[in-house]
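Visitor: So here's coords.txt, just compact mmCIF, C-alpha atoms and all ligand atoms:
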```
# COMPACT_ATOMS: atom_id res chain seq x y z
CA MET A 1416 -80.35 -119.95 -61.77
CA ASP A 1417 -78.50 -121.56 -64.63
CA ARG A 1418 -75.77 -123.97 -63.84
CA ARG A 1419 -72.46 -122.17 -63.89
CA LYS A 1420 -68.82 -123.19 -64.19
CA ILE A 1421 -66.25 -123.50 -61.42
CA LEU A 1422 -62.61 -122.44 -61.62
CA LEU A 1423 -60.62 -123.74 -58.64
CA LEU A 1424 -57.15 -122.21 -58.27
CA ILE A 1425 -54.85 -124.02 -55.88
CA PHE A 1426 -51.63 -122.18 -55.08
CA ASP A 1427 -49.51 -124.92 -53.57
CA GLY A 1428 -48.04 -124.15 -50.16
CA LEU A 1429 -49.06 -120.49 -50.44
CA GLY A 1430 -49.89 -119.96 -46.75
CA ASP A 1431 -47.07 -118.81 -44.51
CA ARG A 1432 -46.14 -117.36 -41.12
CA PRO A 1433 -44.58 -114.02 -40.15
CA ILE A 1434 -40.99 -113.88 -41.43
CA PRO A 1435 -38.31 -111.69 -39.73
CA GLU A 1436 -36.73 -110.97 -43.14
CA LEU A 1437 -40.09 -109.53 -44.29
CA ALA A 1438 -40.57 -107.30 -41.20
CA ARG A 1439 -42.62 -110.07 -39.58
CA GLN A 1440 -45.15 -110.19 -42.37
CA THR A 1441 -46.09 -113.16 -44.52
CA PRO A 1442 -45.11 -113.29 -48.22
CA LEU A 1443 -48.79 -112.69 -49.11
CA GLN A 1444 -48.84 -109.56 -46.94
CA THR A 1445 -45.59 -108.33 -48.48
CA ALA A 1446 -46.25 -108.99 -52.16
CA ARG A 1447 -47.70 -106.37 -54.51
CA LYS A 1448 -50.72 -108.14 -55.95
CA GLU A 1449 -53.44 -105.70 -56.95
CA HIS A 1450 -55.38 -108.24 -59.03
CA LEU A 1451 -55.46 -110.94 -56.37
CA ASP A 1452 -56.56 -108.26 -53.91
CA TRP A 1453 -59.24 -107.09 -56.38
CA PHE A 1454 -60.74 -110.58 -56.37
CA ALA A 1455 -60.62 -110.62 -52.54
CA ALA A 1456 -62.23 -107.18 -52.32
CA ASN A 1457 -65.01 -108.23 -54.70
CA GLY A 1458 -65.54 -111.69 -53.25
CA VAL A 1459 -66.09 -113.52 -50.01
CA ASN A 1460 -63.07 -114.58 -47.96
CA GLY A 1461 -62.15 -116.90 -45.16
CA LEU A 1462 -59.64 -119.30 -43.71
CA MET A 1463 -59.56 -122.97 -44.59
CA ASP A 1464 -58.14 -125.94 -42.74
CA PRO A 1465 -57.33 -128.23 -45.68
CA ILE A 1466 -57.99 -131.39 -43.63
CA ALA A 1467 -58.86 -130.22 -40.10
CA PRO A 1468 -57.44 -127.77 -37.53
CA GLY A 1469 -54.00 -128.90 -36.42
CA VAL A 1470 -53.60 -131.48 -39.17
CA LYS A 1471 -50.52 -130.88 -41.35
CA PRO A 1472 -51.60 -131.87 -44.86
CA GLY A 1473 -49.68 -133.38 -47.71
CA SER A 1474 -50.45 -132.06 -51.16
CA ASP A 1475 -52.18 -135.32 -52.00
CA THR A 1476 -54.50 -135.59 -49.00
CA SER A 1477 -55.34 -131.92 -49.34
CA HIS A 1478 -56.11 -132.09 -53.06
CA LEU A 1479 -58.36 -135.09 -52.41
CA ALA A 1480 -60.26 -132.97 -49.88
CA LEU A 1481 -60.47 -130.01 -52.26
CA PHE A 1482 -61.82 -132.37 -54.93
CA GLY A 1483 -64.53 -133.48 -52.50
CA TYR A 1484 -63.13 -136.76 -51.14
CA ASP A 1485 -62.63 -137.59 -47.49
CA SER A 1486 -58.92 -138.32 -47.65
CA ARG A 1487 -58.89 -139.82 -44.16
CA ALA A 1488 -61.22 -142.53 -45.46
CA VAL A 1489 -59.79 -143.19 -48.93
CA TYR A 1490 -56.07 -142.34 -48.86
CA THR A 1491 -53.62 -145.23 -49.35
CA GLY A 1492 -50.36 -143.32 -49.84
CA ARG A 1493 -48.86 -140.89 -52.31
CA GLY A 1494 -47.12 -143.38 -54.59
CA PRO A 1495 -50.13 -144.37 -56.70
CA PHE A 1496 -50.88 -140.72 -57.57
CA GLU A 1497 -47.28 -140.04 -58.52
CA ALA A 1498 -47.30 -143.15 -60.72
CA ALA A 1499 -50.57 -142.17 -62.40
CA GLY A 1500 -49.19 -138.67 -62.91
CA VAL A 1501 -46.19 -139.82 -64.93
CA GLY A 1502 -48.33 -142.11 -67.03
CA ILE A 1503 -47.79 -145.55 -65.49
CA PRO A 1504 -51.02 -147.49 -66.02
CA VAL A 1505 -51.32 -148.74 -62.45
CA ARG A 1506 -53.35 -151.90 -61.92
CA ARG A 1507 -55.11 -153.29 -58.90
CA GLY A 1508 -52.56 -155.16 -56.77
CA ASP A 1509 -49.65 -153.06 -58.02
CA ILE A 1510 -47.56 -151.32 -55.39
CA ALA A 1511 -46.56 -147.78 -56.29
CA PHE A 1512 -43.83 -145.62 -54.77
CA ARG A 1513 -42.75 -142.04 -55.11
CA GLY A 1514 -39.12 -141.68 -56.03
CA ASN A 1515 -36.36 -139.11 -56.20
CA LEU A 1516 -33.38 -139.36 -58.49
CA ALA A 1517 -30.58 -138.74 -56.01
CA THR A 1518 -26.82 -138.76 -55.63
CA VAL A 1519 -25.02 -141.28 -53.41
CA ASP A 1520 -21.32 -141.87 -52.78
CA SER A 1521 -19.64 -145.29 -53.01
CA LYS A 1522 -20.70 -146.03 -49.41
CA MET A 1523 -24.38 -145.42 -50.34
CA ARG A 1524 -24.44 -142.18 -48.38
CA VAL A 1525 -26.89 -139.67 -49.84
CA THR A 1526 -25.01 -136.52 -50.84
CA ASP A 1527 -27.88 -134.85 -52.76
CA ARG A 1528 -31.49 -135.96 -52.38
CA ARG A 1529 -32.41 -134.34 -55.72
CA ALA A 1530 -29.26 -134.97 -57.77
CA GLY A 1531 -28.78 -131.23 -58.18
CA ARG A 1532 -32.45 -130.84 -59.16
CA ILE A 1533 -31.58 -132.71 -62.36
CA LYS A 1534 -33.62 -131.62 -65.39
CA ASP A 1535 -32.06 -133.24 -68.47
CA GLY A 1536 -31.61 -136.91 -69.21
CA THR A 1537 -34.06 -138.16 -66.58
CA HIS A 1538 -36.16 -140.07 -69.13
CA ASP A 1539 -33.05 -141.84 -70.45
CA LEU A 1540 -32.09 -142.82 -66.91
CA ALA A 1541 -35.63 -144.04 -66.25
CA ALA A 1542 -35.65 -146.12 -69.44
CA ALA A 1543 -32.59 -147.98 -68.15
CA LEU A 1544 -34.60 -149.11 -65.10
CA ASP A 1545 -38.03 -149.59 -66.67
CA GLY A 1546 -38.92 -153.22 -67.37
CA LEU A 1547 -36.36 -154.78 -65.02
CA GLN A 1548 -37.25 -158.20 -63.68
CA LEU A 1549 -36.40 -158.72 -60.01
CA ASP A 1550 -36.14 -161.93 -57.99
CA GLY A 1551 -39.46 -163.56 -57.28
CA GLY A 1552 -41.00 -162.59 -60.64
CA VAL A 1553 -41.45 -158.95 -59.72
CA ARG A 1554 -41.60 -156.57 -62.65
CA VAL A 1555 -40.40 -152.94 -62.44
CA LEU A 1556 -42.31 -150.11 -64.10
CA PHE A 1557 -40.37 -146.89 -63.76
CA ARG A 1558 -40.89 -143.39 -65.17
CA ALA A 1559 -39.30 -140.01 -64.58
CA GLY A 1560 -41.49 -137.07 -63.62
CA THR A 1561 -40.55 -133.40 -63.44
CA GLU A 1562 -36.95 -132.61 -62.50
CA HIS A 1563 -35.70 -135.19 -59.96
CA ARG A 1564 -39.13 -136.74 -59.34
CA ALA A 1565 -39.94 -140.26 -60.45
CA ALA A 1566 -42.36 -143.10 -59.81
CA LEU A 1567 -41.90 -146.83 -59.38
CA VAL A 1568 -44.51 -149.54 -59.67
CA LEU A 1569 -43.78 -153.11 -58.60
CA ARG A 1570 -46.00 -155.71 -60.21
CA GLY A 1571 -46.08 -159.31 -59.08
CA ALA A 1572 -47.70 -161.85 -56.81
CA GLY A 1573 -47.71 -161.47 -53.04
CA LEU A 1574 -46.75 -157.80 -52.88
CA SER A 1575 -48.05 -155.43 -50.21
CA PRO A 1576 -47.65 -151.72 -49.45
CA HIS A 1577 -46.59 -152.38 -45.86
CA VAL A 1578 -42.91 -151.51 -46.12
CA THR A 1579 -40.64 -148.69 -44.95
CA ASP A 1580 -39.00 -146.13 -47.26
CA SER A 1581 -35.56 -146.54 -48.82
CA ASP A 1582 -35.33 -142.74 -48.69
CA PRO A 1583 -33.49 -141.80 -45.47
CA HIS A 1584 -35.12 -138.33 -45.77
CA GLU A 1585 -31.86 -136.53 -45.00
CA GLU A 1586 -28.56 -135.96 -46.68
CA GLY A 1587 -25.50 -137.60 -45.13
CA ALA A 1588 -27.45 -140.74 -44.20
CA VAL A 1589 -27.10 -144.02 -46.10
CA VAL A 1590 -29.88 -145.36 -48.34
CA ALA A 1591 -32.18 -147.21 -45.96
CA SER A 1592 -32.65 -150.95 -46.15
CA VAL A 1593 -36.38 -151.47 -46.60
CA ALA A 1594 -38.22 -153.58 -44.03
CA ALA A 1595 -41.75 -154.94 -43.74
CA THR A 1596 -44.03 -153.05 -41.36
CA GLU A 1597 -46.59 -155.86 -41.39
CA SER A 1598 -46.09 -159.59 -41.77
CA ASN A 1599 -47.13 -159.57 -45.46
CA GLY A 1600 -44.52 -156.98 -46.48
CA GLY A 1601 -41.52 -159.30 -46.78
CA ALA A 1602 -41.63 -159.94 -50.53
CA THR A 1603 -42.02 -156.24 -51.29
CA ALA A 1604 -39.17 -155.25 -48.97
CA HIS A 1605 -36.97 -157.85 -50.67
CA ALA A 1606 -37.92 -156.51 -54.12
CA VAL A 1607 -37.26 -152.87 -53.19
CA ASN A 1608 -33.85 -153.70 -51.76
CA ALA A 1609 -33.00 -155.59 -54.95
CA PHE A 1610 -34.15 -152.56 -56.94
CA THR A 1611 -31.84 -150.29 -54.90
CA ARG A 1612 -28.84 -152.48 -55.73
CA GLU A 1613 -29.78 -152.66 -59.41
CA CYS A 1614 -30.23 -148.88 -59.52
CA PHE A 1615 -26.68 -148.13 -58.46
CA ARG A 1616 -25.24 -150.85 -60.67
CA ILE A 1617 -27.09 -149.60 -63.78
CA LEU A 1618 -27.03 -145.85 -63.19
CA LYS A 1619 -23.48 -145.24 -61.95
CA ASP A 1620 -21.92 -145.63 -65.40
CA HIS A 1621 -24.92 -144.52 -67.44
CA PRO A 1622 -23.97 -142.12 -70.29
CA VAL A 1623 -26.17 -139.39 -68.78
CA ASN A 1624 -24.10 -139.54 -65.59
CA MET A 1625 -20.82 -139.60 -67.50
CA GLU A 1626 -21.90 -136.36 -69.16
CA ARG A 1627 -22.93 -134.90 -65.78
CA ALA A 1628 -19.54 -135.81 -64.31
CA LYS A 1629 -17.81 -133.96 -67.18
CA ALA A 1630 -19.96 -130.90 -66.49
CA GLY A 1631 -19.20 -131.04 -62.76
CA LEU A 1632 -22.78 -131.98 -61.87
CA PRO A 1633 -23.75 -134.57 -59.24
CA PRO A 1634 -24.66 -137.93 -60.85
CA ALA A 1635 -28.20 -139.25 -60.57
CA ASN A 1636 -27.01 -142.69 -59.47
CA MET A 1637 -29.76 -143.70 -57.03
CA VAL A 1638 -33.53 -143.68 -56.68
CA LEU A 1639 -34.83 -142.99 -53.17
CA LEU A 1640 -38.29 -144.48 -52.62
CA ARG A 1641 -41.08 -143.55 -50.27
CA GLY A 1642 -44.86 -143.52 -49.88
CA ALA A 1643 -45.74 -147.08 -50.91
CA GLY A 1644 -49.41 -147.59 -51.61
CA ILE A 1645 -52.14 -149.30 -53.60
CA VAL A 1646 -54.33 -147.21 -55.90
CA PRO A 1647 -57.46 -146.33 -53.93
CA ASP A 1648 -60.89 -147.10 -55.29
CA LEU A 1649 -62.25 -143.59 -55.93
CA GLU A 1650 -65.69 -142.86 -57.36
CA PRO A 1651 -65.04 -140.67 -60.43
CA ILE A 1652 -65.80 -136.99 -59.84
CA GLY A 1653 -68.13 -136.95 -62.84
CA GLU A 1654 -70.44 -139.47 -61.16
CA ARG A 1655 -69.98 -138.13 -57.66
CA PHE A 1656 -70.80 -134.50 -58.41
CA HIS A 1657 -72.21 -134.62 -61.96
CA LEU A 1658 -69.35 -132.52 -63.27
CA LYS A 1659 -67.19 -132.73 -66.35
CA ALA A 1660 -63.85 -131.86 -64.81
CA ALA A 1661 -60.36 -131.04 -66.00
CA GLY A 1662 -57.09 -130.46 -64.18
CA ILE A 1663 -54.10 -128.31 -65.12
CA ALA A 1664 -50.86 -128.93 -63.24
CA GLY A 1665 -47.13 -128.94 -63.84
CA VAL A 1666 -46.01 -131.65 -61.44
CA GLY A 1667 -46.71 -135.34 -61.79
CA LEU A 1668 -48.24 -135.87 -58.37
CA ILE A 1669 -51.01 -133.36 -58.96
CA LYS A 1670 -51.66 -134.64 -62.49
CA GLY A 1671 -51.98 -138.07 -60.90
CA MET A 1672 -54.41 -136.72 -58.28
CA CYS A 1673 -56.53 -135.30 -61.10
CA ARG A 1674 -56.44 -138.55 -63.11
CA ALA A 1675 -57.19 -140.63 -60.02
CA VAL A 1676 -60.48 -138.77 -59.44
CA GLY A 1677 -61.42 -139.00 -63.11
CA MET A 1678 -60.49 -135.53 -64.34
CA ASP A 1679 -59.03 -135.02 -67.79
CA VAL A 1680 -55.47 -133.71 -67.45
CA LEU A 1681 -54.76 -130.88 -69.86
CA GLU A 1682 -51.17 -130.39 -70.94
CA VAL A 1683 -50.06 -126.76 -71.08
CA ALA A 1684 -46.81 -125.79 -72.80
CA GLY A 1685 -44.60 -123.99 -70.29
CA ALA A 1686 -46.36 -125.40 -67.20
CA THR A 1687 -43.31 -126.94 -65.55
CA GLY A 1688 -44.19 -127.18 -61.88
CA GLY A 1689 -41.04 -125.20 -61.11
CA LEU A 1690 -40.29 -121.55 -60.43
CA ASP A 1691 -40.02 -120.95 -64.18
CA THR A 1692 -43.58 -122.11 -64.86
CA ASP A 1693 -45.69 -120.06 -67.28
CA MET A 1694 -48.64 -119.08 -65.09
CA VAL A 1695 -50.28 -116.87 -67.68
CA ALA A 1696 -50.31 -119.85 -70.07
CA LYS A 1697 -52.09 -121.82 -67.35
CA ALA A 1698 -54.66 -119.04 -66.93
CA ASN A 1699 -55.32 -118.97 -70.68
CA ALA A 1700 -55.59 -122.76 -70.78
CA ALA A 1701 -58.09 -122.63 -67.91
CA LEU A 1702 -60.19 -119.99 -69.69
CA GLU A 1703 -60.23 -122.14 -72.81
CA ALA A 1704 -61.10 -125.28 -70.83
CA LEU A 1705 -64.03 -123.55 -69.12
CA LYS A 1706 -65.77 -123.46 -72.49
CA THR A 1707 -66.14 -127.24 -72.41
CA TYR A 1708 -65.70 -128.29 -68.76
CA ASP A 1709 -67.87 -127.64 -65.70
CA LEU A 1710 -64.96 -127.65 -63.27
CA VAL A 1711 -61.39 -126.67 -64.02
CA ALA A 1712 -58.81 -127.11 -61.26
CA VAL A 1713 -55.43 -125.42 -61.63
CA ASN A 1714 -52.44 -126.14 -59.41
CA VAL A 1715 -49.49 -123.75 -59.26
CA LYS A 1716 -46.61 -125.47 -57.48
CA ALA A 1717 -44.11 -122.61 -57.28
CA PRO A 1718 -45.01 -121.14 -53.83
CA ASP A 1719 -44.50 -124.56 -52.23
CA VAL A 1720 -41.06 -124.86 -53.83
CA CYS A 1721 -40.08 -121.46 -52.35
CA GLY A 1722 -41.38 -122.55 -48.95
CA HIS A 1723 -39.42 -125.81 -48.96
CA ASP A 1724 -36.28 -124.00 -50.08
CA GLY A 1725 -36.69 -121.32 -47.39
CA LEU A 1726 -36.75 -118.47 -49.93
CA ALA A 1727 -38.83 -115.60 -48.55
CA ASN A 1728 -38.15 -113.06 -51.28
CA GLU A 1729 -38.58 -115.65 -54.02
CA LYS A 1730 -41.96 -116.55 -52.55
CA VAL A 1731 -42.93 -112.86 -52.65
CA ARG A 1732 -41.88 -112.67 -56.32
CA THR A 1733 -43.79 -115.87 -57.08
CA ILE A 1734 -46.94 -114.31 -55.63
CA GLU A 1735 -46.38 -111.26 -57.82
CA ARG A 1736 -46.22 -113.59 -60.84
CA ILE A 1737 -49.41 -115.28 -59.65
CA ASP A 1738 -50.90 -111.79 -59.73
CA ALA A 1739 -50.16 -111.54 -63.44
CA MET A 1740 -52.13 -114.76 -63.84
CA MET A 1741 -55.02 -113.18 -61.93
CA ALA A 1742 -54.88 -110.15 -64.25
CA THR A 1743 -55.39 -112.48 -67.20
CA LEU A 1744 -58.33 -114.16 -65.48
CA LYS A 1745 -59.86 -110.82 -64.47
CA ILE A 1746 -60.05 -109.85 -68.13
CA GLY A 1747 -61.05 -113.25 -69.48
CA LEU A 1748 -63.61 -114.57 -66.98
CA GLY A 1749 -67.26 -114.30 -67.88
CA PRO A 1750 -70.21 -114.09 -65.43
CA GLU A 1751 -70.83 -117.82 -65.95
CA VAL A 1752 -67.80 -118.71 -63.83
CA VAL A 1753 -67.46 -118.94 -60.06
CA LEU A 1754 -63.80 -118.64 -59.08
CA ALA A 1755 -62.14 -119.91 -55.92
CA ALA A 1756 -58.52 -119.18 -55.05
CA THR A 1757 -56.80 -120.91 -52.18
CA ALA A 1758 -53.88 -123.11 -51.18
CA ASP A 1759 -53.63 -126.81 -50.43
CA HIS A 1760 -51.66 -126.05 -47.25
CA SER A 1761 -49.15 -123.62 -45.80
CA THR A 1762 -45.44 -124.15 -46.47
CA PRO A 1763 -43.83 -121.58 -44.16
CA VAL A 1764 -40.43 -120.37 -45.33
CA MET A 1765 -39.11 -120.56 -41.75
CA LEU A 1766 -40.12 -124.23 -41.46
CA LYS A 1767 -39.13 -125.34 -44.98
CA ASP A 1768 -42.00 -127.79 -44.64
CA HIS A 1769 -45.78 -127.91 -44.56
CA SER A 1770 -47.64 -126.72 -41.49
CA ALA A 1771 -51.20 -127.02 -40.21
CA ASP A 1772 -51.75 -123.23 -40.38
CA PRO A 1773 -55.06 -122.58 -42.15
CA VAL A 1774 -54.85 -121.01 -45.61
CA PRO A 1775 -56.73 -118.04 -47.05
CA VAL A 1776 -59.58 -118.81 -49.42
CA LEU A 1777 -61.57 -116.44 -51.61
CA ILE A 1778 -64.65 -117.04 -53.73
CA PHE A 1779 -65.59 -114.62 -56.47
CA GLY A 1780 -68.60 -114.67 -58.73
CA GLU A 1781 -72.18 -113.62 -59.36
CA GLY A 1782 -74.32 -113.98 -56.24
CA VAL A 1783 -71.42 -114.21 -53.78
CA ARG A 1784 -71.98 -112.19 -50.57
CA VAL A 1785 -69.10 -109.71 -50.81
CA ASP A 1786 -67.50 -109.04 -47.44
CA ASP A 1787 -65.29 -106.20 -46.15
CA VAL A 1788 -61.98 -107.94 -46.77
CA GLN A 1789 -59.78 -105.89 -49.11
CA LYS A 1790 -56.66 -108.05 -49.38
CA PHE A 1791 -55.85 -111.68 -50.02
CA ASP A 1792 -53.63 -112.78 -47.16
CA GLU A 1793 -53.71 -114.99 -44.08
CA ILE A 1794 -54.52 -112.14 -41.67
CA SER A 1795 -57.15 -110.29 -43.75
CA ALA A 1796 -58.93 -113.52 -44.68
CA ALA A 1797 -59.60 -114.27 -41.02
CA LYS A 1798 -62.10 -111.39 -40.97
CA GLY A 1799 -64.04 -112.63 -44.00
CA GLY A 1800 -67.58 -113.83 -44.49
CA LEU A 1801 -66.71 -117.47 -45.10
CA GLY A 1802 -65.35 -117.77 -41.59
CA ARG A 1803 -63.28 -120.88 -41.17
CA ILE A 1804 -64.07 -123.90 -43.31
CA ARG A 1805 -62.48 -127.26 -44.04
CA GLY A 1806 -61.06 -128.32 -47.36
CA LEU A 1807 -63.85 -130.85 -47.76
CA ASP A 1808 -66.41 -128.01 -47.46
CA LEU A 1809 -65.07 -125.99 -50.37
CA LEU A 1810 -66.40 -127.94 -53.36
CA PRO A 1811 -69.93 -128.26 -51.88
CA ILE A 1812 -69.95 -124.46 -51.36
CA LEU A 1813 -68.81 -123.94 -54.96
CA LEU A 1814 -71.39 -126.42 -56.26
CA ASP A 1815 -74.10 -124.46 -54.48
CA LEU A 1816 -72.90 -121.05 -55.69
CA SER A 1817 -72.76 -122.42 -59.23
CA GLY A 1818 -76.35 -123.69 -59.07
CA ARG A 1819 -75.35 -127.35 -58.91
CA SER A 1820 -76.26 -128.42 -55.38
CA GLU A 1821 -79.12 -130.73 -54.57
CA LYS A 1822 -81.59 -129.95 -51.85
CA PHE A 1823 -81.12 -131.86 -48.61
CA GLY A 1824 -84.66 -132.73 -47.55
CA ALA A 1825 -88.01 -131.66 -49.00
ZN ZN B 1 -48.98 -128.94 -51.71
ZN ZN B 2 -44.71 -129.23 -50.32
```
Please express the file's structure as structure tokens.
Ligand code: ZN
Ligand code: ZN

Guide:
Amino acid sequence: MDRRKILLLIFDGLGDRPIPELARQTPLQTARKEHLDWFAANGVNGLMDPIAPGVKPGSDTSHLALFGYDSRAVYTGRGPFEAAGVGIPVRRGDIAFRGNLATVDSKMRVTDRRAGRIKDGTHDLAAALDGLQLDGGVRVLFRAGTEHRAALVLRGAGLSPHVTDSDPHEEGAVVASVAATESNGGATAHAVNAFTRECFRILKDHPVNMERAKAGLPPANMVLLRGAGIVPDLEPIGERFHLKAAGIAGVGLIKGMCRAVGMDVLEVAGATGGLDTDMVAKANAALEALKTYDLVAVNVKAPDVCGHDGLANEKVRTIERIDAMMATLKIGLGPEVVLAATADHSTPVMLKDHSADPVPVLIFGEGVRVDDVQKFDEISAAKGGLGRIRGLDLLPILLDLSGRSEKFGA
């Protein structure tokens, strides 16, 4: 069989649990999604544990697994991926953090962890912090991502990722003083705490925040940091699986995941990573990319946002918009493409956080053993022909179905 192409659709946080508001059904069971169901009915289905049963995945560890990397062996923290995603050229020895633009009061109490989900002016705020020199010869590289998201890289001698977060992870708490978690973390902790002080000093009177005050919006006068890490040494996906691969994503973290494994990141106008993202534009970009790439991975962040915000009906509507994306793909996909649709983890609306619940996965394409499953949801998928797989199994299965696997043995 000729080598075929692979389209990997990752609907972030799509999996869910029964919700009282939805008559104890999941958003996937509730949503009207005839095209997604068409792919399920004409494909093979199953459940997938992104990392392993009972392990609650982050988006980063799960995407690594879906891209064919054993995240438990290679993962060094989320910060480096976030930094790569917003375009910071991270170097070996740099320490990268994930950040949130946030609102604090004069006592450093966090009143809004996302500064009102700030959208405008974030790059101006970031520019005011980028290039700062801290005590001990530590240089700050800082960029804004989507909405309130940002990334920080500290560059200098003697730095280590073994420090706590400055993010207290809850509103009402004060910005945490960063401490070393291992003996070599002292210089980094010192630098991060200096950065926190500089942040408030520089941002509190920044013109962007003056404008926000006039408009009655919370100021973005702090950066909360978490997930320190060094960029892991990952074998590029092109060498590992002999694939020319591209990624399409709205949010910085996922773009960074794609870049970190050696995928080209394709920019799509209207792909925001938020609820307003243009999913049909992503589908069209994927169809175009499949003409030149062997593997195209697409992340749609919106279901995860609904899960974290506890919005059951919004998650249902998001799935219905995903269905419009599937309609576009149904028309545009040729027989040379094997399609997989799944999630990187569940983000149950009732939990407002990720859970270890396995996610539905479907594979559609020429040669796939079509099972009896008629609908794409967590309950139907459990009866499918794929059974229950792990995230790390998915790409090898897709490589085989696309005629790209190598024989194990003679
Ligand atoms: Zn995720
Ligand atoms: Zn999430």

Visitor: To one decimal place in Å, what is the distance between CA of Gly1780 (chain A) and CA of Ala1455 (chain A)?

Guide: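 Result for CA of Gly1780 (chain A) versus CA of Ala1455 (chain A): 10.9 Å, one decimal.
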
Visitor: Using all atoms listed in the file, tabulate the residues of chain A lying at most 10 Å from any atom of ligand ZN 2 (chain B), each with its closest atom pair and that distance in Å to one decimal, by chain and increasing residue number, as a tab-separated table.

Guide:
```
residue	atom	partner	partner_atom	distance
A:Asp1427	CA	B:ZN2	ZN	7.2
A:Gly1428	CA	B:ZN2	ZN	6.1
A:Leu1429	CA	B:ZN2	ZN	9.8
A:Pro1472	CA	B:ZN2	ZN	9.2
A:Gly1473	CA	B:ZN2	ZN	7.0
A:Ser1474	CA	B:ZN2	ZN	6.5
A:Asp1475	CA	B:ZN2	ZN	9.8
A:Lys1716	CA	B:ZN2	ZN	8.3
A:Ala1717	CA	B:ZN2	ZN	9.6
A:Pro1718	CA	B:ZN2	ZN	8.8
A:Asp1719	CA	B:ZN2	ZN	5.0
A:Val1720	CA	B:ZN2	ZN	6.7
A:Cys1721	CA	B:ZN2	ZN	9.3
A:Gly1722	CA	B:ZN2	ZN	7.6
A:His1723	CA	B:ZN2	ZN	6.4
A:Asp1724	CA	B:ZN2	ZN	9.9
A:Asp1759	CA	B:ZN2	ZN	9.2
A:His1760	CA	B:ZN2	ZN	8.2
A:Ser1761	CA	B:ZN2	ZN	8.5
A:Thr1762	CA	B:ZN2	ZN	6.4
A:Pro1763	CA	B:ZN2	ZN	9.9
A:Lys1767	CA	B:ZN2	ZN	8.6
A:Asp1768	CA	B:ZN2	ZN	6.5
A:His1769	CA	B:ZN2	ZN	6.0
A:Ser1770	CA	B:ZN2	ZN	9.6
```

Visitor: Those same residues, written as a short mmCIF file (atom, residue, chain, number, x, y, z; two decimals), in the frame of the given file with C-alpha atoms?

Guide:
```cif
data_model
loop_
_atom_site.label_atom_id
_atom_site.label_comp_id
_atom_site.auth_asym_id
_atom_site.auth_seq_id
_atom_site.Cartn_x
_atom_site.Cartn_y
_atom_site.Cartn_z
CA ASP A 1427 -49.51 -124.92 -53.57
CA GLY A 1428 -48.04 -124.15 -50.16
CA LEU A 1429 -49.06 -120.49 -50.44
CA PRO A 1472 -51.60 -131.87 -44.86
CA GLY A 1473 -49.68 -133.38 -47.71
CA SER A 1474 -50.45 -132.06 -51.16
CA ASP A 1475 -52.18 -135.32 -52.00
CA LYS A 1716 -46.61 -125.47 -57.48
CA ALA A 1717 -44.11 -122.61 -57.28
CA PRO A 1718 -45.01 -121.14 -53.83
CA ASP A 1719 -44.50 -124.56 -52.23
CA VAL A 1720 -41.06 -124.86 -53.83
CA CYS A 1721 -40.08 -121.46 -52.35
CA GLY A 1722 -41.38 -122.55 -48.95
CA HIS A 1723 -39.42 -125.81 -48.96
CA ASP A 1724 -36.28 -124.00 -50.08
CA ASP A 1759 -53.63 -126.81 -50.43
CA HIS A 1760 -51.66 -126.05 -47.25
CA SER A 1761 -49.15 -123.62 -45.80
CA THR A 1762 -45.44 -124.15 -46.47
CA PRO A 1763 -43.83 -121.58 -44.16
CA LYS A 1767 -39.13 -125.34 -44.98
CA ASP A 1768 -42.00 -127.79 -44.64
CA HIS A 1769 -45.78 -127.91 -44.56
CA SER A 1770 -47.64 -126.72 -41.49
#
```

Visitor: Show me, as a list in words, the residues that have an atom within 7 Å of region 1608-1620 of chain A when counting all atoms listed in the file, minus same-chain residues fewer than 5 positions from it.

Guide: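 Counting all atoms listed in the file, the residues come to Leu1540, Leu1549, Ser1592, Val1593, Met1625, Asn1636, Met1637 and Val1638 of chain A.
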
Visitor: What separation in Å, quoted to one decimal, exists between CA of Ile1804 (chain A) and CA of Met1463 (chain A)?

Guide: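 Computing the Euclidean distance for CA of Ile1804 (chain A) and CA of Met1463 (chain A) yields 4.8 Å.
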
Visitor: Between A:Val1553, A:Leu1479, A:Ala1796, A:Ile1503, which one has atoms that come closest to ligand ZN 1 (chain B), using all atoms listed in the file?

Guide: A:Leu1479

Visitor: Extract, using only C-alpha atoms, all DNA, RNA and protein residues at most 9 Å from Leu1810 (chain A), discarding same-chain residues fewer than 6 positions from it, and format them as a compact mmCIF listing (two decimals) with C-alpha atoms, in the coordinates of the input.

Guide:
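part.txt, freshly written:
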```txt
# COMPACT_ATOMS: atom_id res chain seq x y z
CA LEU A 1423 -60.62 -123.74 -58.64
CA ALA A 1480 -60.26 -132.97 -49.88
CA LEU A 1481 -60.47 -130.01 -52.26
CA PHE A 1482 -61.82 -132.37 -54.93
CA GLY A 1483 -64.53 -133.48 -52.50
```

Visitor: If you measure from CA of Ala1675 (chain A) to CA of Gly1494 (chain A), what distance in Å do you get, rounded to one decimal?

Guide: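 Rounded to one decimal, the two atoms are 11.8 Å apart.
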
Visitor: Smallest atom-to-atom distance to ligand ZN 1 (chain B): which of A:Ala1684, A:Val1505, A:Val1666, A:Ala1602, using all atoms listed in the file?

Guide: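 When distances to ligand ZN 1 (chain B) are compared using all atoms listed in the file, the smallest one comes from A:Val1666.
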
Visitor: So, counting all atoms listed in the file, which residue among A:Ala1700, A:Ile1533, A:Val1774, A:Leu1801 is closest to ligand ZN 1 (chain B)?

Guide: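 Closest candidate: A:Val1774.
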